[in-house]
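Novice: As input, take protein34.tsv (TSV, C-alpha atoms and all ligand atoms):
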chain	number	residue	atom	x	y	z
A	29	MET	CA	38.95	-50.84	61.34
A	30	GLU	CA	36.77	-50.97	58.26
A	31	ASN	CA	37.35	-48.42	55.52
A	32	VAL	CA	35.69	-45.02	55.72
A	33	ILE	CA	32.36	-44.51	53.99
A	34	THR	CA	32.06	-40.79	53.28
A	35	VAL	CA	28.70	-39.07	52.82
A	36	THR	CA	29.51	-38.48	49.16
A	37	SER	CA	32.24	-39.10	46.62
A	38	PRO	CA	32.82	-37.19	43.39
A	39	LEU	CA	31.70	-38.49	40.03
A	40	MET	CA	34.99	-38.80	38.11
A	41	PRO	CA	35.22	-39.98	34.52
A	42	PRO	CA	37.97	-42.50	33.64
A	43	LEU	CA	41.31	-40.66	33.55
A	44	GLU	CA	42.38	-42.21	30.24
A	45	GLU	CA	39.28	-40.77	28.60
A	46	PHE	CA	40.12	-37.30	29.88
A	47	ILE	CA	43.64	-37.27	28.40
A	48	PRO	CA	42.51	-36.69	24.77
A	49	TYR	CA	40.47	-33.70	25.94
A	50	LEU	CA	43.57	-32.27	27.63
A	51	GLU	CA	45.66	-32.88	24.51
A	52	ASP	CA	43.09	-31.03	22.43
A	53	ILE	CA	43.04	-28.09	24.87
A	54	TRP	CA	46.87	-27.94	24.74
A	55	GLN	CA	46.67	-27.82	20.95
A	56	ARG	CA	44.04	-25.09	20.89
A	57	LYS	CA	45.81	-22.94	23.50
A	58	TRP	CA	42.45	-21.39	24.38
A	59	LEU	CA	42.07	-21.89	28.12
A	60	THR	CA	39.14	-19.71	29.14
A	61	ASN	CA	36.79	-16.92	27.91
A	62	ASN	CA	34.02	-18.79	26.13
A	63	GLY	CA	36.30	-21.42	24.61
A	64	TYR	CA	35.39	-24.47	22.52
A	65	TYR	CA	34.56	-26.78	25.44
A	66	HIS	CA	32.68	-24.04	27.24
A	67	GLN	CA	30.42	-23.66	24.21
A	68	GLU	CA	30.10	-27.42	23.77
A	69	LEU	CA	29.15	-27.94	27.40
A	70	GLU	CA	26.52	-25.18	27.26
A	71	LYS	CA	24.95	-26.85	24.20
A	72	ALA	CA	25.13	-30.31	25.72
A	73	LEU	CA	23.57	-29.17	28.99
A	74	CYS	CA	20.71	-27.35	27.25
A	75	ASP	CA	20.00	-30.63	25.46
A	76	TYR	CA	20.39	-32.86	28.48
A	77	LEU	CA	18.43	-30.68	30.89
A	78	GLY	CA	15.75	-29.57	28.42
A	79	VAL	CA	16.32	-25.84	28.90
A	80	LYS	CA	16.69	-23.00	26.41
A	81	TYR	CA	19.63	-20.97	27.69
A	82	ILE	CA	22.37	-21.77	30.13
A	83	SER	CA	25.42	-19.74	31.12
A	84	LEU	CA	28.29	-21.57	32.79
A	85	PHE	CA	29.96	-20.14	35.92
A	86	SER	CA	33.09	-20.84	37.91
A	87	ASN	CA	30.89	-21.91	40.85
A	88	GLY	CA	27.31	-21.93	42.06
A	89	THR	CA	27.77	-19.12	44.57
A	90	LEU	CA	28.94	-16.64	41.92
A	91	ALA	CA	26.04	-17.81	39.75
A	92	LEU	CA	23.67	-16.87	42.60
A	93	VAL	CA	25.36	-13.51	43.20
A	94	SER	CA	25.24	-12.77	39.46
A	95	ALA	CA	21.62	-13.94	39.07
A	96	LEU	CA	20.57	-11.28	41.59
A	97	GLN	CA	22.67	-8.71	39.67
A	98	THR	CA	21.10	-9.78	36.38
A	99	LEU	CA	17.64	-8.79	37.56
A	100	ASN	CA	18.80	-5.78	39.62
A	101	ILE	CA	17.31	-7.23	42.77
A	102	SER	CA	17.52	-4.96	45.84
A	103	GLY	CA	15.78	-4.24	49.15
A	104	GLU	CA	14.40	-7.42	50.73
A	105	VAL	CA	14.29	-10.95	49.39
A	106	ILE	CA	12.28	-13.79	50.90
A	107	THR	CA	14.24	-16.99	51.34
A	108	THR	CA	14.60	-20.16	53.39
A	109	PRO	CA	16.85	-20.73	56.42
A	110	TYR	CA	17.04	-24.44	55.52
A	111	SER	CA	19.72	-24.42	52.83
A	112	PHE	CA	23.44	-24.25	52.27
A	113	VAL	CA	24.76	-20.95	53.57
A	114	ALA	CA	25.66	-19.69	50.05
A	115	THR	CA	21.95	-19.10	49.33
A	116	THR	CA	21.75	-16.30	51.90
A	117	HIS	CA	25.36	-15.15	51.44
A	118	SER	CA	24.49	-14.28	47.83
A	119	LEU	CA	21.97	-11.77	49.18
A	120	TRP	CA	24.51	-10.38	51.63
A	121	TRP	CA	27.03	-9.81	48.85
A	122	ASN	CA	24.37	-7.81	46.99
A	123	ASN	CA	23.53	-5.72	50.05
A	124	ILE	CA	20.05	-7.27	50.12
A	125	LYS	CA	18.23	-8.01	53.38
A	126	PRO	CA	17.24	-11.67	53.67
A	127	VAL	CA	13.77	-12.32	55.10
A	128	PHE	CA	13.46	-15.89	56.35
A	129	VAL	CA	10.22	-17.82	55.93
A	130	ASP	CA	9.60	-21.24	57.51
A	131	ILE	CA	9.65	-24.51	55.57
A	132	ASP	CA	7.11	-27.20	54.78
A	133	PRO	CA	7.66	-30.23	57.07
A	134	ILE	CA	7.26	-32.76	54.25
A	135	THR	CA	9.29	-31.25	51.39
A	136	CYS	CA	11.67	-29.14	53.55
A	137	ASN	CA	11.15	-26.35	50.99
A	138	LEU	CA	9.98	-22.77	51.60
A	139	ASP	CA	6.34	-22.99	52.76
A	140	PRO	CA	4.22	-21.01	50.28
A	141	GLU	CA	1.43	-20.75	52.90
A	142	LYS	CA	3.68	-18.52	54.99
A	143	LEU	CA	5.16	-16.52	52.14
A	144	GLU	CA	2.63	-13.72	51.73
A	145	ALA	CA	2.82	-12.67	55.38
A	146	ALA	CA	6.52	-11.87	54.93
A	147	ILE	CA	6.06	-9.51	51.96
A	148	THR	CA	6.69	-5.80	52.64
A	149	PRO	CA	6.88	-2.77	50.29
A	150	LYS	CA	10.64	-3.44	50.08
A	151	THR	CA	10.31	-7.03	48.87
A	152	THR	CA	11.57	-7.45	45.31
A	153	ALA	CA	12.08	-11.18	44.89
A	154	ILE	CA	11.71	-14.71	46.26
A	155	LEU	CA	14.73	-17.02	46.48
A	156	PRO	CA	13.51	-20.57	47.17
A	157	VAL	CA	15.63	-23.73	47.13
A	158	HIS	CA	14.66	-27.13	45.69
A	159	VAL	CA	16.02	-28.88	48.79
A	160	TYR	CA	17.38	-32.41	48.13
A	161	GLY	CA	16.09	-31.93	44.57
A	162	ASN	CA	12.45	-31.97	45.71
A	163	PRO	CA	10.62	-29.45	43.52
A	164	CYS	CA	9.20	-26.40	45.30
A	165	ASP	CA	5.50	-25.62	44.89
A	166	MET	CA	6.39	-23.58	41.82
A	167	LYS	CA	2.84	-22.77	40.71
A	168	ARG	CA	1.89	-21.30	44.09
A	169	ILE	CA	5.13	-19.37	44.34
A	170	GLN	CA	4.69	-17.93	40.84
A	171	ALA	CA	1.08	-16.96	41.55
A	172	ILE	CA	2.18	-15.01	44.65
A	173	ALA	CA	5.08	-13.45	42.73
A	174	ASP	CA	2.72	-12.35	39.96
A	175	THR	CA	0.26	-10.84	42.42
A	176	TYR	CA	2.92	-8.76	44.16
A	177	GLY	CA	5.16	-8.09	41.16
A	178	LEU	CA	8.12	-10.06	42.48
A	179	LYS	CA	10.91	-11.91	40.68
A	180	VAL	CA	11.62	-15.55	41.43
A	181	ILE	CA	15.14	-17.01	41.43
A	182	TYR	CA	15.45	-20.69	42.27
A	183	ASP	CA	18.53	-22.07	43.96
A	184	ALA	CA	18.42	-25.36	42.06
A	185	ALA	CA	21.88	-26.49	43.20
A	186	HIS	CA	20.37	-29.87	44.20
A	187	ALA	CA	18.05	-30.24	41.24
A	188	PHE	CA	20.26	-31.25	38.32
A	189	GLY	CA	18.08	-33.28	35.93
A	190	VAL	CA	14.94	-33.09	38.09
A	191	MET	CA	11.72	-33.01	36.04
A	192	GLN	CA	8.11	-32.39	36.99
A	193	ASP	CA	5.18	-33.14	34.70
A	194	GLY	CA	7.58	-33.79	31.83
A	195	THR	CA	9.55	-30.55	32.05
A	196	SER	CA	12.71	-29.51	33.87
A	197	VAL	CA	12.15	-27.64	37.14
A	198	LEU	CA	14.76	-25.24	35.76
A	199	ASN	CA	12.15	-23.87	33.36
A	200	PHE	CA	10.25	-22.20	36.23
A	201	GLY	CA	10.85	-18.81	37.79
A	202	ASP	CA	12.80	-15.97	36.18
A	203	LEU	CA	16.17	-17.64	36.70
A	204	SER	CA	17.54	-20.82	38.26
A	205	ILE	CA	21.06	-21.56	39.35
A	206	LEU	CA	22.92	-24.87	39.44
A	207	SER	CA	26.08	-25.88	41.27
A	208	PHE	CA	28.58	-28.32	39.74
A	209	HIS	CA	30.74	-28.55	42.86
A	210	ALA	CA	32.60	-31.83	43.34
A	211	THR	CA	30.04	-32.93	45.97
A	212	LYS	CA	27.08	-32.49	43.62
A	213	THR	CA	25.52	-35.19	41.43
A	214	PHE	CA	26.96	-33.66	38.26
A	215	SER	CA	30.29	-31.95	38.70
A	216	THR	CA	32.88	-29.85	36.90
A	217	ILE	CA	35.08	-29.97	40.05
A	218	GLU	CA	34.04	-26.39	40.87
A	219	GLY	CA	31.36	-24.88	38.70
A	220	GLY	CA	27.85	-23.61	38.32
A	221	ALA	CA	25.34	-22.13	35.90
A	222	ILE	CA	22.42	-19.77	35.47
A	223	ILE	CA	19.43	-20.94	33.45
A	224	CYS	CA	17.29	-18.29	31.76
A	225	HIS	CA	14.50	-18.31	29.20
A	226	ASP	CA	15.40	-15.67	26.57
A	227	GLU	CA	18.38	-14.59	24.55
A	228	LYS	CA	18.55	-11.04	25.91
A	229	THR	CA	18.89	-12.26	29.47
A	230	LYS	CA	21.48	-14.82	28.43
A	231	LYS	CA	23.53	-11.99	26.90
A	232	ARG	CA	23.32	-9.90	30.05
A	233	ILE	CA	24.41	-12.86	32.19
A	234	ASP	CA	27.35	-13.52	29.86
A	235	TYR	CA	28.43	-9.87	30.16
A	236	LEU	CA	28.16	-9.95	33.94
A	237	LYS	CA	30.35	-13.01	34.38
A	238	ASN	CA	33.06	-11.39	32.23
A	239	PHE	CA	33.57	-8.00	33.95
A	240	GLY	CA	30.59	-6.50	32.07
A	241	PHE	CA	32.35	-6.60	28.69
A	242	ALA	CA	29.86	-6.47	25.80
A	243	ASP	CA	32.69	-6.13	23.25
A	244	GLU	CA	36.37	-5.17	23.23
A	245	VAL	CA	35.79	-1.59	24.29
A	246	THR	CA	32.33	-1.60	25.90
A	247	VAL	CA	31.74	-2.35	29.55
A	248	VAL	CA	28.00	-2.24	30.17
A	249	ALA	CA	27.88	-3.12	33.87
A	250	PRO	CA	30.10	-3.65	36.92
A	251	GLY	CA	30.52	-7.32	36.15
A	252	ILE	CA	32.64	-9.86	37.93
A	253	ASN	CA	35.01	-12.60	36.82
A	254	ALA	CA	33.01	-15.81	37.16
A	255	LYS	CA	33.86	-17.66	33.96
A	256	MET	CA	34.26	-21.41	33.70
A	257	ASN	CA	37.58	-22.48	32.17
A	258	GLU	CA	38.22	-25.03	29.44
A	259	LEU	CA	39.56	-27.80	31.69
A	260	GLN	CA	36.44	-27.72	33.85
A	261	SER	CA	34.18	-27.51	30.80
A	262	ALA	CA	35.84	-30.52	29.19
A	263	TYR	CA	35.63	-32.44	32.47
A	264	GLY	CA	31.91	-31.68	32.55
A	265	LEU	CA	31.38	-32.65	28.93
A	266	LEU	CA	33.02	-36.03	29.54
A	267	SER	CA	31.22	-36.55	32.87
A	268	LEU	CA	27.88	-35.98	31.17
A	269	LYS	CA	28.37	-39.36	29.45
A	270	TYR	CA	28.30	-40.99	32.87
A	271	ILE	CA	25.53	-39.05	34.55
A	272	ASP	CA	22.58	-41.29	33.63
A	273	ASN	CA	24.41	-44.31	35.00
A	274	ALA	CA	25.33	-42.39	38.14
A	275	ILE	CA	21.71	-41.36	38.77
A	276	GLU	CA	20.53	-44.94	38.15
A	277	ASN	CA	22.96	-46.15	40.79
A	278	ARG	CA	21.83	-43.47	43.20
A	279	LYS	CA	18.27	-44.67	42.64
A	280	ARG	CA	19.33	-48.27	43.36
A	281	ILE	CA	20.88	-47.13	46.65
A	282	THR	CA	17.84	-45.03	47.55
A	283	LEU	CA	15.45	-47.94	46.99
A	284	TYR	CA	17.65	-50.23	49.06
A	285	TYR	CA	17.84	-47.77	51.97
A	286	ARG	CA	14.11	-47.10	51.81
A	287	ASN	CA	13.29	-50.77	52.00
A	288	GLU	CA	15.71	-51.48	54.83
A	289	LEU	CA	14.84	-48.45	56.94
A	290	LYS	CA	11.09	-48.25	56.39
A	291	ASP	CA	9.96	-49.87	59.65
A	292	ILE	CA	12.33	-48.37	62.20
A	293	PRO	CA	10.37	-46.50	64.88
A	294	GLY	CA	11.40	-42.85	64.99
A	295	ILE	CA	13.17	-42.83	61.61
A	296	SER	CA	11.33	-41.09	58.75
A	297	ILE	CA	12.44	-41.15	55.17
A	298	MET	CA	11.42	-39.25	52.03
A	299	GLN	CA	9.48	-40.82	49.18
A	300	ASP	CA	9.29	-39.98	45.47
A	301	TYR	CA	6.70	-37.41	44.41
A	302	PRO	CA	4.07	-38.20	41.80
A	303	SER	CA	5.01	-37.05	38.26
A	304	VAL	CA	8.53	-36.06	39.39
A	305	ILE	CA	11.74	-37.56	38.00
A	306	HIS	CA	14.20	-37.40	40.88
A	307	ASN	CA	18.01	-37.35	40.81
A	308	TYR	CA	18.56	-39.09	44.19
A	309	SER	CA	21.32	-36.67	45.15
A	310	TYR	CA	20.83	-37.12	48.89
A	311	PHE	CA	19.39	-39.65	51.29
A	312	PRO	CA	18.03	-37.62	54.20
A	313	ILE	CA	16.54	-39.36	57.25
A	314	PHE	CA	14.79	-37.67	60.15
A	315	VAL	CA	15.36	-38.87	63.70
A	316	ASP	CA	12.55	-38.50	66.24
A	317	GLU	CA	14.59	-38.72	69.41
A	318	HIS	CA	11.72	-39.93	71.63
A	319	LYS	CA	10.48	-42.68	69.34
A	320	TYR	CA	13.94	-43.76	68.20
A	321	GLY	CA	15.46	-43.74	71.68
A	322	HIS	CA	18.57	-41.86	70.57
A	323	SER	CA	19.16	-38.33	69.42
A	324	ARG	CA	20.17	-37.43	65.90
A	325	ASP	CA	23.60	-36.50	67.23
A	326	GLY	CA	23.81	-39.85	69.00
A	327	LEU	CA	23.25	-41.63	65.71
A	328	TYR	CA	25.68	-39.30	63.95
A	329	GLN	CA	28.40	-40.15	66.49
A	330	LYS	CA	27.64	-43.88	66.39
A	331	LEU	CA	28.04	-43.84	62.61
A	332	LYS	CA	31.28	-41.90	62.93
A	333	GLU	CA	32.69	-44.40	65.46
A	334	ASN	CA	32.08	-47.01	62.79
A	335	ASN	CA	33.85	-45.00	60.12
A	336	ILE	CA	30.65	-43.88	58.43
A	337	TRP	CA	30.36	-40.16	57.86
A	338	GLY	CA	26.81	-38.87	57.76
A	339	ARG	CA	26.19	-35.18	57.33
A	340	ARG	CA	23.78	-32.95	59.25
A	341	TYR	CA	22.64	-31.16	56.14
A	342	PHE	CA	21.19	-28.65	56.99
A	343	TYR	CA	22.30	-27.91	60.53
A	344	PRO	CA	22.76	-25.31	61.91
A	345	LEU	CA	20.13	-23.23	60.14
A	346	ILE	CA	21.48	-20.27	58.16
A	347	SER	CA	19.37	-18.03	60.41
A	348	ASP	CA	21.48	-19.12	63.41
A	349	PHE	CA	24.82	-17.95	62.00
A	350	PRO	CA	26.21	-14.71	63.51
A	351	THR	CA	25.69	-12.75	60.27
A	352	TYR	CA	21.96	-13.39	60.24
A	353	ARG	CA	20.77	-14.24	63.76
A	354	GLY	CA	20.03	-10.60	64.60
A	355	LEU	CA	17.36	-10.34	61.91
A	356	SER	CA	13.82	-10.41	63.28
A	357	SER	CA	12.83	-13.09	60.75
A	358	ALA	CA	15.63	-15.32	62.11
A	359	SER	CA	13.88	-15.89	65.45
A	360	LYS	CA	12.99	-19.44	66.50
A	361	ASP	CA	9.32	-18.40	66.84
A	362	ASN	CA	9.24	-17.45	63.18
A	363	LEU	CA	10.84	-20.72	62.05
A	364	PRO	CA	9.47	-23.57	64.20
A	365	VAL	CA	9.47	-26.24	61.47
A	366	ALA	CA	12.97	-25.45	60.20
A	367	ASN	CA	14.27	-25.49	63.78
A	368	ARG	CA	12.74	-28.90	64.46
A	369	ILE	CA	13.87	-30.44	61.14
A	370	SER	CA	17.44	-29.17	61.49
A	371	LYS	CA	17.70	-31.08	64.80
A	372	GLU	CA	16.32	-34.30	63.25
A	373	ILE	CA	18.16	-34.38	59.94
A	374	ILE	CA	21.04	-36.58	58.97
A	375	CYS	CA	21.99	-37.41	55.38
A	376	LEU	CA	23.30	-40.95	54.90
A	377	PRO	CA	26.13	-41.77	52.48
A	378	ILE	CA	25.04	-41.92	48.85
A	379	TYR	CA	27.19	-42.10	45.73
A	380	PRO	CA	27.21	-44.43	42.73
A	381	GLU	CA	30.06	-46.75	43.81
A	382	LEU	CA	28.50	-47.80	47.13
A	383	THR	CA	28.12	-51.57	47.25
A	384	LYS	CA	25.54	-53.69	49.03
A	385	PRO	CA	28.01	-54.57	51.84
A	386	ASP	CA	28.69	-50.83	52.29
A	387	LEU	CA	24.97	-50.13	52.52
A	388	ASP	CA	24.46	-53.00	54.94
A	389	ARG	CA	27.12	-51.52	57.19
A	390	VAL	CA	25.24	-48.21	57.27
A	391	VAL	CA	21.83	-49.84	57.71
A	392	SER	CA	23.00	-52.11	60.52
A	393	ILE	CA	24.19	-49.16	62.60
A	394	VAL	CA	20.89	-47.32	62.16
A	395	LYS	CA	19.06	-50.54	63.16
A	396	GLU	CA	21.35	-51.82	65.92
A	397	ILE	CA	21.59	-48.66	67.92
A	398	ILE	CA	17.99	-49.21	69.12
B	1	LIG	C1	26.35	-26.32	46.72
B	1	LIG	C2	25.30	-25.31	46.96
B	1	LIG	C3	25.49	-23.96	46.64
B	1	LIG	C4	26.84	-23.37	46.28
B	1	LIG	O1	27.41	-23.86	45.16
B	1	LIG	P1	29.01	-23.79	44.98
B	1	LIG	O2	29.18	-24.32	43.59
B	1	LIG	O3	29.62	-24.69	46.01
B	1	LIG	O4	29.42	-22.38	45.11
B	1	LIG	C5	24.42	-23.09	46.76
B	1	LIG	N1	23.23	-23.50	47.21
B	1	LIG	C6	23.00	-24.79	47.56
B	1	LIG	C7	21.65	-25.19	48.03
B	1	LIG	C8	24.04	-25.73	47.47
B	1	LIG	O5	23.81	-26.98	47.86
Could you express the structure from this file as structure tokens?

Specialist:
Amino acid sequence: MENVITVTSPLMPPLEEFIPYLEDIWQRKWLTNNGYYHQELEKALCDYLGVKYISLFSNGTLALVSALQTLNISGEVITTPYSFVATTHSLWWNNIKPVFVDIDPITCNLDPEKLEAAITPKTTAILPVHVYGNPCDMKRIQAIADTYGLKVIYDAAHAFGVMQDGTSVLNFGDLSILSFHATKTFSTIEGGAIICHDEKTKKRIDYLKNFGFADEVTVVAPGINAKMNELQSAYGLLSLKYIDNAIENRKRITLYYRNELKDIPGISIMQDYPSVIHNYSYFPIFVDEHKYGHSRDGLYQKLKENNIWGRRYFYPLISDFPTYRGLSSASKDNLPVANRISKEIICLPIYPELTKPDLDRVVSIVKEII
């Protein structure tokens, strides 16, 4: 049997280059709490991403939970069912009611056309996701938020390095969060961040991730422990040297897949957007069962039999999980597009080390099954 091709594989810097960082950390004996590498990584990421303020977190989920705390969000928040479950869980952990709005069939992001109809007197914020790193319609979303006095927090877990019209997508909305989980394009093994636009907010976020401590004796809020430690920060700092190369390789793979899969009846693929710099984190394809002759799950199984692990990302919808399915906004009638897309989606393997023979193995299954 041929070797397994997983859907992703972590970006890991050369071990021998990590050793000096470890030796330095052992010398400093400062392991967490805004240490040297934590500060260095925050500076380096501001530079790399083109953002003003970033606060590192132990993971993306706690960054989301803390972002909602930062802005005192309560009541109802409008969000998408087509995301990783942590998006909606962050609302649950803040005792906020999620209100699901359907997605756009092309971008798979929250459909701004359907947003206003979901606003009630209890709505305080919008929590959209840049799915697969495709930028949301940020101008429309902001215009609606301004009209109704709502905050906007972007779940930008997929959007590391994504730019639109020459600026980072992270510069939109009140706050954005990133995830640096091992499966993401840029990783600190586990990790995350909140991006904000002013120093005061940055301070508040830094308090919140450290129990609410403003100084030795002052606790200004019921904060949590969500700090990134020095080993993760150093890992990130070193990985940052390899990220451009990793994204270039992801682009190479994307272009290869696109070319090979473009004429298969019943298989749709995503294209680049004008004036957007993409990060090629995922390679989603959409299976139209009738035109393709096989279901999405049929293709998923066929790949698996051949030791290729696709991922149905996102399936099931968040709105179908027991915690949320009782909500009126979770009904299938309210979310027709998300329900259709979640039955068609399969993400193909993509990570920098994939070779042409690997890709040909994947492509041949998608082609031969018909
Ligand atoms: C990965 C991910 C998260 C959660 O991030 P963790 O770092 O794993 O906690 C949240 N939202 C989306 C869209 C994600 O893909």

Novice: Which residues of range 169-285 of chain A come within 10 Å of range 294-316 of chain A, and what is each one's closest atom pair and distance in Å (one decimal), counting all atoms listed in the file, sorted by chain and residue number, as CSV?

Specialist:
residue,atom,partner,partner_atom,distance
A:His186,CA,A:Ser309,CA,6.9
A:Ala187,CA,A:Asn307,CA,7.1
A:Phe188,CA,A:Asn307,CA,7.0
A:Gly189,CA,A:Asn307,CA,6.4
A:Val190,CA,A:His306,CA,5.2
A:Met191,CA,A:Ile305,CA,5.0
A:Gln192,CA,A:Val304,CA,4.4
A:Asp193,CA,A:Ser303,CA,5.3
A:Gly194,CA,A:Ser303,CA,7.7
A:Thr195,CA,A:Val304,CA,9.2
A:Ser196,CA,A:Ile305,CA,9.1
A:Val197,CA,A:Val304,CA,9.4
A:Thr211,CA,A:Ser309,CA,9.5
A:Lys212,CA,A:Ser309,CA,7.3
A:Thr213,CA,A:Ser309,CA,5.8
A:Phe214,CA,A:Ser309,CA,9.4
A:Ile271,CA,A:Asn307,CA,9.9
A:Asp272,CA,A:Asn307,CA,9.4
A:Ala274,CA,A:Asn307,CA,9.3
A:Ile275,CA,A:Asn307,CA,5.8
A:Glu276,CA,A:Asn307,CA,8.4
A:Asn277,CA,A:Tyr308,CA,9.0
A:Arg278,CA,A:Tyr308,CA,5.6
A:Lys279,CA,A:Tyr308,CA,5.8
A:Arg280,CA,A:Tyr308,CA,9.2
A:Ile281,CA,A:Tyr308,CA,8.7
A:Thr282,CA,A:Phe311,CA,6.7
A:Leu283,CA,A:Gln299,CA,9.5
A:Tyr285,CA,A:Phe311,CA,8.3

Novice: What lies within 9 Å of Ala210 in chain A using all atoms listed in the file, ignoring chain neighbours under 2 positions off, as a short mmCIF file (atom, residue, chain, number, x, y, z; two decimals) with C-alpha atoms, in the frame of the given file?

Specialist:
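Final output, saved to out14.cif:
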data_model
loop_
_atom_site.label_atom_id
_atom_site.label_comp_id
_atom_site.auth_asym_id
_atom_site.auth_seq_id
_atom_site.Cartn_x
_atom_site.Cartn_y
_atom_site.Cartn_z
CA SER A 37 32.24 -39.10 46.62
CA PRO A 38 32.82 -37.19 43.39
CA LEU A 39 31.70 -38.49 40.03
CA PHE A 208 28.58 -28.32 39.74
CA LYS A 212 27.08 -32.49 43.62
CA THR A 213 25.52 -35.19 41.43
CA PHE A 214 26.96 -33.66 38.26
CA SER A 215 30.29 -31.95 38.70
CA THR A 216 32.88 -29.85 36.90
CA ILE A 217 35.08 -29.97 40.05
CA GLU A 218 34.04 -26.39 40.87
CA GLY A 219 31.36 -24.88 38.70
#

Novice: Could you check the closest approach to Thr229 in chain A for each of A:Ala184, A:Ile82, A:Cys375, A:Val365 and tell me which residue wins, using all atoms listed in the file?

Specialist: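 Ranked by minimum distance to Thr229 in chain A, first place goes to A:Ile82.
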
Novice: What is the CA of Trp121 in chain A to CA of Leu84 in chain A distance in Å?

Specialist: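 Separation of CA of Trp121 in chain A and CA of Leu84 in chain A: 19.9 Å.
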
Novice: Using only the atoms of ligand LIG 1 (chain B) listed in the file, plus 6 Å on each side, state the axis-aligned box centre and edge lengths in Å rounded to one decimal, as JSON.

Specialist:
{"center_x": 25.6, "center_y": -24.7, "center_z": 45.8, "size_x": 20.0, "size_y": 16.6, "size_z": 16.4}

Novice: Please find the residues contacting ligand LIG 1 (chain B) at a distance of at most 10 Å between atoms, with only C-alpha atoms and all ligand atoms counted, and report them as a ChimeraX atom specification.

Specialist: /A:85-93,110-118,156-161,182-187,205-212,215-221,341-342

Novice: Put those residues in a file: C-alpha atoms, as a tab-separated table (two decimals), keeping the file's coordinate frame.

Specialist:
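Output file again_12.tsv is given in full below:
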chain	number	residue	atom	x	y	z
A	85	PHE	CA	29.96	-20.14	35.92
A	86	SER	CA	33.09	-20.84	37.91
A	87	ASN	CA	30.89	-21.91	40.85
A	88	GLY	CA	27.31	-21.93	42.06
A	89	THR	CA	27.77	-19.12	44.57
A	90	LEU	CA	28.94	-16.64	41.92
A	91	ALA	CA	26.04	-17.81	39.75
A	92	LEU	CA	23.67	-16.87	42.60
A	93	VAL	CA	25.36	-13.51	43.20
A	110	TYR	CA	17.04	-24.44	55.52
A	111	SER	CA	19.72	-24.42	52.83
A	112	PHE	CA	23.44	-24.25	52.27
A	113	VAL	CA	24.76	-20.95	53.57
A	114	ALA	CA	25.66	-19.69	50.05
A	115	THR	CA	21.95	-19.10	49.33
A	116	THR	CA	21.75	-16.30	51.90
A	117	HIS	CA	25.36	-15.15	51.44
A	118	SER	CA	24.49	-14.28	47.83
A	156	PRO	CA	13.51	-20.57	47.17
A	157	VAL	CA	15.63	-23.73	47.13
A	158	HIS	CA	14.66	-27.13	45.69
A	159	VAL	CA	16.02	-28.88	48.79
A	160	TYR	CA	17.38	-32.41	48.13
A	161	GLY	CA	16.09	-31.93	44.57
A	182	TYR	CA	15.45	-20.69	42.27
A	183	ASP	CA	18.53	-22.07	43.96
A	184	ALA	CA	18.42	-25.36	42.06
A	185	ALA	CA	21.88	-26.49	43.20
A	186	HIS	CA	20.37	-29.87	44.20
A	187	ALA	CA	18.05	-30.24	41.24
A	205	ILE	CA	21.06	-21.56	39.35
A	206	LEU	CA	22.92	-24.87	39.44
A	207	SER	CA	26.08	-25.88	41.27
A	208	PHE	CA	28.58	-28.32	39.74
A	209	HIS	CA	30.74	-28.55	42.86
A	210	ALA	CA	32.60	-31.83	43.34
A	211	THR	CA	30.04	-32.93	45.97
A	212	LYS	CA	27.08	-32.49	43.62
A	215	SER	CA	30.29	-31.95	38.70
A	216	THR	CA	32.88	-29.85	36.90
A	217	ILE	CA	35.08	-29.97	40.05
A	218	GLU	CA	34.04	-26.39	40.87
A	219	GLY	CA	31.36	-24.88	38.70
A	220	GLY	CA	27.85	-23.61	38.32
A	221	ALA	CA	25.34	-22.13	35.90
A	341	TYR	CA	22.64	-31.16	56.14
A	342	PHE	CA	21.19	-28.65	56.99

Novice: Would you compute the distance between CA of Leu203 in chain A and CA of Lys80 in chain A? Give it in Å to one decimal.

Specialist: 11.6 Å

Novice: Could you check how far CA of Lys332 in chain A sits from CA of Pro109 in chain A, in Å to one decimal?

Specialist: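 Result for CA of Lys332 in chain A versus CA of Pro109 in chain A: 26.4 Å, one decimal.
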
Novice: If you count all atoms listed in the file, which residues fall within 10 Å of range 136-146 of chain A, apart from same-chain ones fewer than 2 positions away, as a VMD selection string?

Specialist: chain A and resid 104 to 111 127 to 134 148 151 154 to 170 172 to 173 176 357 362 365 to 366 369 to 370

Novice: Hey, what's within 6 Å of Val180 in chain A if we count all atoms listed in the file and toss same-chain stuff fewer than 6 positions away? As a short mmCIF file (atom, residue, chain, number, x, y, z; two decimals) with C-alpha atoms, keeping the file's coordinate frame, please?

Specialist:
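Listing of selection-v2.cif after writing:
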data_model
loop_
_atom_site.label_atom_id
_atom_site.label_comp_id
_atom_site.auth_asym_id
_atom_site.auth_seq_id
_atom_site.Cartn_x
_atom_site.Cartn_y
_atom_site.Cartn_z
CA ALA A 153 12.08 -11.18 44.89
CA ILE A 154 11.71 -14.71 46.26
CA GLY A 201 10.85 -18.81 37.79
CA ASP A 202 12.80 -15.97 36.18
#

Novice: Which residue is closest to Leu266 in chain A? Choose from A:Leu69, A:Leu119, A:Ile336, A:Ala254 and count all atoms listed in the file.

Specialist: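 Of A:Leu69, A:Leu119, A:Ile336, A:Ala254, the one nearest Leu266 in chain A, counting all atoms listed in the file, is A:Leu69.
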
Novice: Let me make sure I understand: among A:Thr135, A:Ser261, A:Ser83, A:Ser102, which one has the smallest atom-to-atom distance to Pro149 in chain A if we use only C-alpha atoms?

Specialist: A:Ser102
